[in-house]
Amino acid sequence: MIRLVESMVGDHPARPVLVVSNDPAASGLEKAAALGVPTAVVDHRPFGKDRAAFEAELLKPILAAEPDILCLAGFMRVLTPDFVNRFAGRMLNIHPSLLPKYPGLNTHARAIAAGDTQAGCTVHEVTPVLDDGPILGQARVPVEPGDTADTLAARVLKMEHQLYPAVLRRFAAGDRRPITL
Ligand code: NHR
């Protein structure tokens, strides 16, 4: 969850105002807290199949934080159209494949099984259709001989950490032209 502010420390135009997770064990919660970024947890499990009820709880800390932009990172719950449309044009996701290849899950295993020589990650706008929104940036890595899903995931993750802030910097300035790293 990101809000744009006038006063800045460091040169990134976006400031984190909240890290919220559906997983109480997510390591990003401790990392955020250590950096002084407010955190919240809304566990999806008590809500069972009731996605709307889960999202109603999720919405509370988000609205209280008044973010300008929402950034999904490793967020693994499909969001309903109602939730997505509320933040239309203001929600990003980073997905570990070169979309439109391999939307959904198990992307690295699928790239290896297909014999791809390149893999990577994509930052895209979140729309109601899964992993389908406009592409804002992509980064490529080679698939090396002997790669497993885990070794490829580690190589891609390094690029995710480069790509996401680079895309967010442009997006915060209103520039939605896709970039390639
Ligand atoms: N919601 C919408 N509406 N649109 C998108 O583009 C979304 C989204 C929610 C999450 C992230 C996406 C990814 O990059 C994302 C994009 C979870 C699933 C999934 O099937 C699919 C894609 C993504 C995240 N989730 C299962 C579910 O029932 C649970 C799977 C699990 O817990 O392992 O929600 O990967």
# chains A, B, ... in the order shown; residues from 1 in each chain; ligands from 1

$ closest_atom_pairs --of "chain A" --to "ligand 1" --cutoff "7 Å" --atoms "only C-alpha atoms and all ligand atoms" --output "Markdown table"
| residue | atom | partner | partner_atom_place_in_ligand_line | distance |
| --- | --- | --- | --- | --- |
| A:Leu72 | CA | ligand 1 | 11 (C) | 6.8 |
| A:Gly74 | CA | ligand 1 | 11 (C) | 6.7 |
| A:Phe75 | CA | ligand 1 | 10 (C) | 5.6 |
| A:Met76 | CA | ligand 1 | 17 (C) | 3.6 |
| A:Arg77 | CA | ligand 1 | 34 (O) | 3.5 |
| A:Val78 | CA | ligand 1 | 9 (C) | 3.7 |
| A:Leu79 | CA | ligand 1 | 1 (N) | 3.8 |
| A:Thr80 | CA | ligand 1 | 3 (N) | 5.5 |
| A:Pro81 | CA | ligand 1 | 3 (N) | 6.0 |
| A:Val84 | CA | ligand 1 | 3 (N) | 5.9 |
| A:Asn93 | CA | ligand 1 | 11 (C) | 6.1 |
| A:Ile94 | CA | ligand 1 | 14 (O) | 5.7 |
| A:His95 | CA | ligand 1 | 14 (O) | 3.8 |
| A:Pro96 | CA | ligand 1 | 14 (O) | 6.6 |
| A:Pro103 | CA | ligand 1 | 22 (C) | 6.9 |
| A:Gly104 | CA | ligand 1 | 22 (C) | 4.3 |
| A:Leu105 | CA | ligand 1 | 35 (O) | 5.8 |
| A:Val126 | CA | ligand 1 | 6 (O) | 4.5 |
| A:Thr127 | CA | ligand 1 | 4 (N) | 5.0 |
| A:Pro128 | CA | ligand 1 | 3 (N) | 3.9 |
| A:Val129 | CA | ligand 1 | 4 (N) | 5.1 |
| A:Leu130 | CA | ligand 1 | 6 (O) | 3.6 |
| A:Asp131 | CA | ligand 1 | 6 (O) | 3.7 |
| A:Asp132 | CA | ligand 1 | 6 (O) | 5.8 |
| A:Gly133 | CA | ligand 1 | 6 (O) | 6.4 |

$ write_last_selection --atoms "N, CA, C and O atoms" --output "compact mmCIF listing (two decimals), in the first residue's frame"
# COMPACT_ATOMS: atom_id res chain seq x y z
N LEU A 72 0.64 -5.54 -4.94
CA LEU A 72 0.62 -6.95 -4.53
C LEU A 72 2.01 -7.53 -4.73
O LEU A 72 2.63 -7.30 -5.78
N GLY A 74 3.58 -11.35 -3.87
CA GLY A 74 3.39 -12.66 -3.24
C GLY A 74 2.02 -12.82 -2.62
O GLY A 74 1.81 -13.70 -1.79
N PHE A 75 1.07 -11.98 -3.02
CA PHE A 75 -0.29 -12.08 -2.48
C PHE A 75 -1.04 -13.15 -3.26
O PHE A 75 -1.18 -13.04 -4.49
N MET A 76 -1.48 -14.20 -2.58
CA MET A 76 -1.92 -15.41 -3.27
C MET A 76 -3.43 -15.65 -3.19
O MET A 76 -3.89 -16.76 -3.47
N ARG A 77 -4.21 -14.65 -2.85
CA ARG A 77 -5.67 -14.81 -2.82
C ARG A 77 -6.27 -14.06 -4.01
O ARG A 77 -6.05 -12.85 -4.15
N VAL A 78 -7.01 -14.78 -4.84
CA VAL A 78 -7.70 -14.14 -5.96
C VAL A 78 -8.67 -13.10 -5.41
O VAL A 78 -9.43 -13.38 -4.48
N LEU A 79 -8.61 -11.89 -5.97
CA LEU A 79 -9.45 -10.78 -5.48
C LEU A 79 -10.70 -10.66 -6.35
O LEU A 79 -10.65 -10.79 -7.58
N THR A 80 -11.83 -10.36 -5.71
CA THR A 80 -13.10 -10.25 -6.43
C THR A 80 -13.12 -8.97 -7.27
O THR A 80 -12.41 -8.00 -6.98
N PRO A 81 -13.96 -8.95 -8.32
CA PRO A 81 -14.09 -7.72 -9.11
C PRO A 81 -14.45 -6.50 -8.26
O PRO A 81 -13.94 -5.40 -8.52
N VAL A 84 -11.20 -5.26 -6.72
CA VAL A 84 -10.28 -4.75 -7.75
C VAL A 84 -10.79 -3.43 -8.33
O VAL A 84 -10.03 -2.47 -8.48
N ASN A 93 0.65 -5.71 -9.56
CA ASN A 93 1.09 -7.02 -9.09
C ASN A 93 2.41 -7.35 -9.78
O ASN A 93 2.64 -6.93 -10.92
N ILE A 94 3.27 -8.10 -9.07
CA ILE A 94 4.43 -8.67 -9.75
C ILE A 94 4.24 -10.17 -9.83
O ILE A 94 3.93 -10.83 -8.84
N HIS A 95 4.36 -10.68 -11.05
CA HIS A 95 4.07 -12.08 -11.33
C HIS A 95 5.34 -12.74 -11.88
O HIS A 95 5.99 -12.17 -12.75
N PRO A 96 5.67 -13.95 -11.39
CA PRO A 96 6.96 -14.56 -11.76
C PRO A 96 6.94 -15.32 -13.08
O PRO A 96 7.31 -16.49 -13.14
N PRO A 103 0.25 -17.41 -16.82
CA PRO A 103 -0.54 -16.82 -15.72
C PRO A 103 -0.81 -17.91 -14.68
O PRO A 103 -0.64 -19.10 -14.97
N GLY A 104 -1.20 -17.51 -13.48
CA GLY A 104 -1.56 -18.50 -12.45
C GLY A 104 -0.34 -19.00 -11.69
O GLY A 104 0.61 -18.26 -11.49
N LEU A 105 -0.38 -20.27 -11.32
CA LEU A 105 0.56 -20.82 -10.34
C LEU A 105 1.64 -21.67 -11.00
O LEU A 105 1.57 -22.00 -12.19
N VAL A 126 -3.51 -4.69 -11.93
CA VAL A 126 -4.45 -5.74 -11.52
C VAL A 126 -5.84 -5.37 -12.03
O VAL A 126 -6.34 -4.27 -11.77
N THR A 127 -6.42 -6.30 -12.79
CA THR A 127 -7.80 -6.17 -13.28
C THR A 127 -8.56 -7.39 -12.76
O THR A 127 -7.96 -8.31 -12.21
N PRO A 128 -9.89 -7.43 -12.95
CA PRO A 128 -10.63 -8.59 -12.43
C PRO A 128 -10.16 -9.92 -12.99
O PRO A 128 -10.27 -10.95 -12.32
N VAL A 129 -9.61 -9.94 -14.22
CA VAL A 129 -9.13 -11.20 -14.80
C VAL A 129 -7.70 -11.44 -14.34
O VAL A 129 -6.83 -10.58 -14.48
N LEU A 130 -7.45 -12.63 -13.81
CA LEU A 130 -6.19 -12.99 -13.18
C LEU A 130 -4.99 -12.80 -14.12
O LEU A 130 -4.97 -13.36 -15.22
N ASP A 131 -3.99 -12.05 -13.64
CA ASP A 131 -2.71 -11.90 -14.35
C ASP A 131 -2.89 -11.43 -15.79
O ASP A 131 -2.16 -11.85 -16.69
N ASP A 132 -3.86 -10.55 -16.00
CA ASP A 132 -4.28 -10.18 -17.35
C ASP A 132 -4.18 -8.67 -17.61
O ASP A 132 -4.31 -8.24 -18.74
N GLY A 133 -3.94 -7.86 -16.59
CA GLY A 133 -3.98 -6.41 -16.76
C GLY A 133 -2.81 -5.89 -17.59
O GLY A 133 -1.84 -6.63 -17.85

$ residues_around --residues "A:His108" --least-positions-apart "2" --cutoff "12 Å" --atoms "only C-alpha atoms" --output "NGL selection string"
:A and (95-98 or 101-106 or 110-121 or 141-143 or 147-157)

$ write_last_selection --atoms "N, CA, C and O atoms" --output "compact mmCIF listing (two decimals), in the first residue's frame"
# COMPACT_ATOMS: atom_id res chain seq x y z
N HIS A 95 4.36 -10.68 -11.05
CA HIS A 95 4.07 -12.08 -11.33
C HIS A 95 5.34 -12.74 -11.88
O HIS A 95 5.99 -12.17 -12.75
N PRO A 96 5.67 -13.95 -11.39
CA PRO A 96 6.96 -14.56 -11.76
C PRO A 96 6.94 -15.32 -13.08
O PRO A 96 7.31 -16.49 -13.14
N SER A 97 6.53 -14.65 -14.14
CA SER A 97 6.69 -15.20 -15.49
C SER A 97 6.70 -14.05 -16.47
O SER A 97 6.37 -12.91 -16.11
N LEU A 98 7.05 -14.35 -17.72
CA LEU A 98 6.98 -13.36 -18.78
C LEU A 98 5.57 -13.41 -19.37
O LEU A 98 5.32 -14.06 -20.38
N LYS A 101 2.78 -15.40 -21.02
CA LYS A 101 3.08 -16.81 -20.71
C LYS A 101 2.84 -17.08 -19.23
O LYS A 101 3.24 -16.28 -18.38
N TYR A 102 2.26 -18.21 -18.94
CA TYR A 102 2.14 -18.76 -17.60
C TYR A 102 1.47 -17.84 -16.57
O TYR A 102 2.07 -17.50 -15.54
N PRO A 103 0.25 -17.41 -16.82
CA PRO A 103 -0.54 -16.82 -15.72
C PRO A 103 -0.81 -17.91 -14.68
O PRO A 103 -0.64 -19.10 -14.97
N GLY A 104 -1.20 -17.51 -13.48
CA GLY A 104 -1.56 -18.50 -12.45
C GLY A 104 -0.34 -19.00 -11.69
O GLY A 104 0.61 -18.26 -11.49
N LEU A 105 -0.38 -20.27 -11.32
CA LEU A 105 0.56 -20.82 -10.34
C LEU A 105 1.64 -21.67 -11.00
O LEU A 105 1.57 -22.00 -12.19
N ASN A 106 2.70 -22.03 -10.21
CA ASN A 106 3.77 -22.96 -10.63
C ASN A 106 4.46 -22.51 -11.93
O ASN A 106 4.79 -23.33 -12.79
N ARG A 110 6.59 -24.73 -14.93
CA ARG A 110 5.98 -24.78 -16.27
C ARG A 110 6.96 -24.29 -17.33
O ARG A 110 7.04 -24.86 -18.44
N ALA A 111 7.74 -23.25 -17.02
CA ALA A 111 8.73 -22.74 -17.98
C ALA A 111 9.80 -23.79 -18.25
O ALA A 111 10.22 -23.99 -19.39
N ILE A 112 10.27 -24.48 -17.20
CA ILE A 112 11.29 -25.52 -17.36
C ILE A 112 10.72 -26.69 -18.15
O ILE A 112 11.37 -27.18 -19.10
N ALA A 113 9.52 -27.11 -17.80
CA ALA A 113 8.90 -28.26 -18.50
C ALA A 113 8.71 -27.96 -19.99
O ALA A 113 8.79 -28.87 -20.82
N ALA A 114 8.48 -26.69 -20.32
CA ALA A 114 8.26 -26.31 -21.72
C ALA A 114 9.58 -26.19 -22.49
O ALA A 114 9.58 -26.00 -23.70
N GLY A 115 10.72 -26.28 -21.78
CA GLY A 115 12.02 -26.13 -22.43
C GLY A 115 12.36 -24.69 -22.78
O GLY A 115 13.23 -24.43 -23.63
N ASP A 116 11.74 -23.72 -22.10
CA ASP A 116 12.03 -22.30 -22.37
C ASP A 116 13.49 -22.00 -22.04
O ASP A 116 14.03 -22.52 -21.05
N THR A 117 14.12 -21.14 -22.83
CA THR A 117 15.50 -20.73 -22.54
C THR A 117 15.54 -19.40 -21.79
O THR A 117 16.58 -19.01 -21.28
N GLN A 118 14.40 -18.72 -21.73
CA GLN A 118 14.30 -17.47 -20.98
C GLN A 118 13.10 -17.54 -20.06
O GLN A 118 12.06 -18.11 -20.40
N ALA A 119 13.26 -16.92 -18.89
CA ALA A 119 12.14 -16.78 -17.94
C ALA A 119 12.21 -15.36 -17.41
O ALA A 119 13.01 -14.55 -17.90
N GLY A 120 11.40 -15.04 -16.42
CA GLY A 120 11.46 -13.68 -15.91
C GLY A 120 10.24 -13.33 -15.08
O GLY A 120 9.56 -14.21 -14.57
N CYS A 121 10.00 -12.03 -14.97
CA CYS A 121 8.89 -11.54 -14.15
C CYS A 121 8.24 -10.35 -14.84
O CYS A 121 8.85 -9.71 -15.71
N VAL A 141 15.54 -13.37 -17.42
CA VAL A 141 16.74 -14.09 -16.96
C VAL A 141 16.86 -15.34 -17.83
O VAL A 141 15.86 -15.82 -18.36
N PRO A 142 18.09 -15.89 -17.97
CA PRO A 142 18.22 -17.15 -18.69
C PRO A 142 17.74 -18.32 -17.82
O PRO A 142 17.84 -18.26 -16.60
N VAL A 143 17.19 -19.34 -18.47
CA VAL A 143 17.02 -20.63 -17.82
C VAL A 143 18.31 -21.40 -18.05
O VAL A 143 18.72 -21.57 -19.20
N ASP A 147 18.57 -26.27 -14.13
CA ASP A 147 17.70 -25.50 -13.24
C ASP A 147 16.54 -26.34 -12.71
O ASP A 147 15.96 -27.15 -13.43
N THR A 148 16.23 -26.12 -11.44
CA THR A 148 14.98 -26.61 -10.86
C THR A 148 14.07 -25.40 -10.69
O THR A 148 14.52 -24.25 -10.86
N ALA A 149 12.83 -25.66 -10.35
CA ALA A 149 11.92 -24.53 -10.11
C ALA A 149 12.51 -23.60 -9.05
O ALA A 149 12.39 -22.37 -9.16
N ASP A 150 13.17 -24.17 -8.04
CA ASP A 150 13.72 -23.34 -6.95
C ASP A 150 14.90 -22.50 -7.39
O ASP A 150 15.02 -21.33 -7.02
N THR A 151 15.82 -23.08 -8.18
CA THR A 151 16.99 -22.29 -8.61
C THR A 151 16.57 -21.20 -9.59
O THR A 151 17.09 -20.09 -9.54
N LEU A 152 15.60 -21.53 -10.44
CA LEU A 152 15.10 -20.51 -11.36
C LEU A 152 14.34 -19.42 -10.60
O LEU A 152 14.51 -18.22 -10.87
N ALA A 153 13.55 -19.82 -9.60
CA ALA A 153 12.79 -18.84 -8.81
C ALA A 153 13.74 -17.85 -8.13
O ALA A 153 13.46 -16.65 -8.08
N ALA A 154 14.88 -18.36 -7.62
CA ALA A 154 15.84 -17.48 -6.94
C ALA A 154 16.44 -16.46 -7.91
O ALA A 154 16.63 -15.29 -7.55
N ARG A 155 16.72 -16.92 -9.13
CA ARG A 155 17.29 -16.01 -10.15
C ARG A 155 16.25 -14.95 -10.54
O ARG A 155 16.58 -13.77 -10.69
N VAL A 156 15.01 -15.38 -10.68
CA VAL A 156 13.95 -14.43 -11.04
C VAL A 156 13.70 -13.44 -9.90
O VAL A 156 13.49 -12.24 -10.13
N LEU A 157 13.74 -13.93 -8.67
CA LEU A 157 13.44 -13.06 -7.52
C LEU A 157 14.38 -11.86 -7.45
O LEU A 157 13.97 -10.75 -7.13

$ residues_around --residues "A:Val17" --least-positions-apart "6" --cutoff "7 Å" --atoms "only C-alpha atoms" --output "list in words"
Met1, Ile2, Arg3, Val37, Pro38, Ala65 and Pro67 of chain A

$ select_by_dssp --residues "stretch 28-84 of chain A" --states "helix (DSSP H, G or I)" --output "list of chain:residue names"
A:Gly28, A:Leu29, A:Glu30, A:Lys31, A:Ala32, A:Ala33, A:Ala34, A:Arg45, A:Pro46, A:Phe47, A:Arg51, A:Ala52, A:Ala53, A:Phe54, A:Glu55, A:Ala56, A:Glu57, A:Leu58, A:Leu59, A:Lys60, A:Pro61, A:Ile62, A:Leu63, A:Ala64, A:Ala65, A:Pro81, A:Asp82, A:Phe83, A:Val84

$ closest_residue --among "A:Ser27, A:Gln162, A:Asn22, A:Thr107" --to "A:Glu55" --atoms "only C-alpha atoms"
A:Asn22

$ residues_around --residues "A:Ala25" --least-positions-apart "6" --cutoff "12 Å" --atoms "only C-alpha atoms" --output "number ranges by chain"
A: 31, 40-43

$ closest_residue --among "A:Ser21, A:Ile179, A:Gly89, A:Ala26" --to "A:Leu59" --atoms "only C-alpha atoms"
A:Ser21

$ atom_distance --atom1 "atom CA of A:Thr122" --atom2 "atom CA of A:Gly28"
20.1 Å

$ closest_residue --among "A:Phe83, A:Asp68, A:Leu29, A:Arg170" --to "A:Ala53" --atoms "only C-alpha atoms"
A:Phe83

$ atom_distance --atom1 "atom CA of A:Cys71" --atom2 "atom CA of A:Leu92"
4.8 Å

$ atom_distance --atom1 "atom CA of A:Ala33" --atom2 "atom CA of A:Phe47"
25.9 Å

$ residues_around --residues "A:Ala166" --least-positions-apart "4" --cutoff "10 Å" --atoms "only C-alpha atoms" --output "NGL selection string"
:A and (12 or 137 or 160-162 or 170-171 or 179-181)

$ closest_residue --among "A:His44, A:Thr39, A:Arg51, A:Glu125" --to "A:Asn85" --atoms "only C-alpha atoms"
A:Glu125

$ select_by_dssp --residues "stretch 129-169 of chain A" --states "strand (DSSP E or B)" --output "list in words"
Ile135, Leu136, Gly137, Gln138, Ala139, Arg140, Val141 and Pro142 of chain A
